[in-house]
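Notes to accompany the following structure.
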Amino acid sequence: MREEENKRTSPKSKVKNFFKKRWAFPAVYIASAAIILTGVLWYQNSANETDKFKYDASNPSTQLDDEPAVPVTNDVENFAWPVNDPDNVITQKGFYDNSQSKEEQVNSLVFYDNVYQPNTGVDLKMEDNSEFEVLASLSGTVTKVSEDSVLGNTIEIEHADGIKTFYQSVKDIQVKEGDEVKKGQSLATSGQSLYNKDGGIHVHFEIRKADVAVNPIDYFNKSLASLEKADTSEASQATEENEVTEENATEEDAISEDATQDESKKEVSDESKDSTNTDASDESTDSSSDDAADESTSADPNA
């Protein structure tokens with residue numbers, strides 16, 4: 001039994017035998033160094049990847065880069081009516097479009113300063129001509145707030161590069177230039193303007209892309225992206241044609257006024273001539289009568 005126990009080798013004796021070998025310690029050192037070197041390299045690579053994104057471990061809120069975040073909410077927002085309840089307002093004047101019928105085009109003209117001009121937006125009002133709250137149709141930045149006695153004050157809001165909305169004929173303005181506004185935010189109260197007296201208390205609302213007016217009715221409940229993709233070249237050409245037509249109409253009106261004035265002057269001149277001739281005829285008649293009386297007196301021996 002003792003001999004069999006002696007033959008059995010304990011684990012400790014195996015370890016001792018292993019380290020008694022010449023190559024044991026160098027092998028252990030080399031393996032340990034390899035493990036440590038691998039860990040160091042892995043740590044350095046991890047640090048480099050973190051630095052690439054400028055991440056500050058002490059500040060978890062640090063952004064990955066210094067570039068400002070670009071808002072994307074505007075692209076998915078839809079244009080809304082600039083009023084609380086669209087069902088309670090009426091369109092006093094619509095957008096002038098060359099594709100409309102003659103009757104619709106006539107109803108979309110604004111008469112101001114003795115000239116008919118195409119309406120470049122929609123004029124909204126209450127049926128009872130009461131005041132109402134004017135709201136932002138889309139989120140954006142207020143780029144202009146101006147007082148205008150003709151248009152009735154104006155608010156301009158930019159939503160994307162070249163796309164803006166305009167709110168005219170308003171009062172009690174609640175925003176200023178540089179303000180960031182949200183869709184549905186109150187901007188002002190409806191008012192009146194000299195430009196469209198017939199509109200009464202109303203708001204004139206416009207949507208423009210690259211300074212070309214588009215029909216707001218076509219974009220209500222549609223996203224900003226739909227307008228960005230839209231081709232407004234035809235609308236731009238139509239606007240230029242309308243401007244030329246207005247200029248021609250103005251020239252024709254001026255020529256017509258000059259002709260009327262000339263005719264009036266001619267009539268006055270003719271009347272003056274007639275009056276002069278009549279006076280001369282009367283004088284001649286009177287003179288002839290006097291001469292005849294004198295002759296009659298001279299011929300009468302009893303005179």
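Residues are referred to by chain and number: the chain letter is A, B, ... according to the order shown in the structure tokens, the number counts from 1 in that chain, and ligands are numbered separately from 1 in the order shown.
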Note to self: So that I can check the surroundings of Asn215 (chain A), please list as a PyMOL selection string every protein, DNA and RNA residue that reaches within 12 Å of it, counting only C-alpha atoms and ignoring chain neighbours fewer than 5 positions away.
What the structure shows: chain A and resi 93-100+108+119-123+165+205-209+220+227+232+235
Next item on the list: From region 62-214 of chain A, collect each residue whose DSSP state is helix (DSSP H, G or I) and return the set as a PyMOL selection string.
Entry: chain A and resi 73-76+86-88+102-107+197-199
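When only C-alpha atoms are used to compute distances to Lys144 (chain A), the closest of the residues A:His204, A:Lys176, A:Lys171, A:Lys229 turns out to be A:Lys176.
Between CA of Ala213 (chain A) and CA of Asp128 (chain A) the separation is 28.7 Å.
Residues in contact with Gly184 (chain A) at up to 7 Å, not including ones fewer than 4 positions away on its chain and judged by only C-alpha atoms, are A:Leu135, A:Ala136, A:Ser137.
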Kindly save the residues from that selection, with C-alpha atoms included, as a JSON list (two decimals), in the first residue's frame.
```json
[["chain", "number", "residue", "atom", "x", "y", "z"],
["A", 135, "LEU", "CA", -51.22, 81.54, -35.75],
["A", 136, "ALA", "CA", -47.91, 80.36, -37.22],
["A", 137, "SER", "CA", -48.55, 78.01, -40.12]]
```
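If you count only C-alpha atoms and ignore residues fewer than 6 places along the chain from region 86-89 of chain A, what sits within 10 Å of it is Ala80, Asp123, Leu124, Lys125, Met126, Glu127, Asp128, Asn129, Phe132 and His202 of chain A.
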Output file for the residues above (N, CA, C and O atoms, as an mmCIF file, in the first residue's frame):
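Final output, part.cif:
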```cif
data_model
loop_
_atom_site.group_PDB
_atom_site.id
_atom_site.type_symbol
_atom_site.label_atom_id
_atom_site.label_comp_id
_atom_site.auth_asym_id
_atom_site.auth_seq_id
_atom_site.Cartn_x
_atom_site.Cartn_y
_atom_site.Cartn_z
ATOM 1 N N ALA A 80 -50.136 74.494 -41.940
ATOM 2 C CA ALA A 80 -51.468 74.555 -41.341
ATOM 3 C C ALA A 80 -52.111 75.905 -41.649
ATOM 4 O O ALA A 80 -51.423 76.880 -41.958
ATOM 5 N N ASP A 123 -56.918 85.833 -48.503
ATOM 6 C CA ASP A 123 -57.403 86.735 -47.462
ATOM 7 C C ASP A 123 -58.519 86.036 -46.695
ATOM 8 O O ASP A 123 -59.562 85.706 -47.265
ATOM 9 N N LEU A 124 -58.269 85.792 -45.405
ATOM 10 C CA LEU A 124 -59.193 85.034 -44.560
ATOM 11 C C LEU A 124 -59.866 85.954 -43.557
ATOM 12 O O LEU A 124 -59.222 86.855 -42.993
ATOM 13 N N LYS A 125 -61.155 85.725 -43.311
ATOM 14 C CA LYS A 125 -61.901 86.544 -42.360
ATOM 15 C C LYS A 125 -63.031 85.733 -41.758
ATOM 16 O O LYS A 125 -63.395 84.665 -42.264
ATOM 17 N N MET A 126 -63.599 86.257 -40.666
ATOM 18 C CA MET A 126 -64.760 85.645 -40.051
ATOM 19 C C MET A 126 -66.023 86.144 -40.751
ATOM 20 O O MET A 126 -66.051 87.256 -41.289
ATOM 21 N N GLU A 127 -67.043 85.322 -40.756
ATOM 22 C CA GLU A 127 -68.289 85.708 -41.411
ATOM 23 C C GLU A 127 -68.914 86.941 -40.763
ATOM 24 O O GLU A 127 -69.521 87.764 -41.446
ATOM 25 N N ASP A 128 -68.768 87.085 -39.455
ATOM 26 C CA ASP A 128 -69.345 88.242 -38.767
ATOM 27 C C ASP A 128 -68.371 89.424 -38.698
ATOM 28 O O ASP A 128 -68.592 90.381 -37.976
ATOM 29 N N ASN A 129 -67.246 89.327 -39.438
ATOM 30 C CA ASN A 129 -66.251 90.398 -39.510
ATOM 31 C C ASN A 129 -65.611 90.690 -38.149
ATOM 32 O O ASN A 129 -65.149 91.805 -37.899
ATOM 33 N N PHE A 132 -59.871 87.751 -34.902
ATOM 34 C CA PHE A 132 -59.489 86.379 -34.547
ATOM 35 C C PHE A 132 -57.972 86.303 -34.404
ATOM 36 O O PHE A 132 -57.239 87.194 -34.845
ATOM 37 N N HIS A 202 -59.376 91.065 -41.477
ATOM 38 C CA HIS A 202 -58.923 89.836 -42.123
ATOM 39 C C HIS A 202 -57.420 89.667 -41.906
ATOM 40 O O HIS A 202 -56.762 90.530 -41.315
#
```
Margin query: Would you pick out the contacts of region 153-156 of chain A at 6 Å or less, using only C-alpha atoms, so that residues sharing its chain but fewer than 2 positions from it are not included, and give the list as a list in words?
Written below: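 Counting only C-alpha atoms, the residues come to Val142, Thr143, Lys144, Val145, Ser146, Glu147, Asp148, Leu151, Thr165, Phe166, Tyr167, Gln168, Ser169 and Val170 of chain A.
The interatomic distance for the pair CA of Gln192 (chain A) and CA of Val115 (chain A) works out to 19.3 Å.
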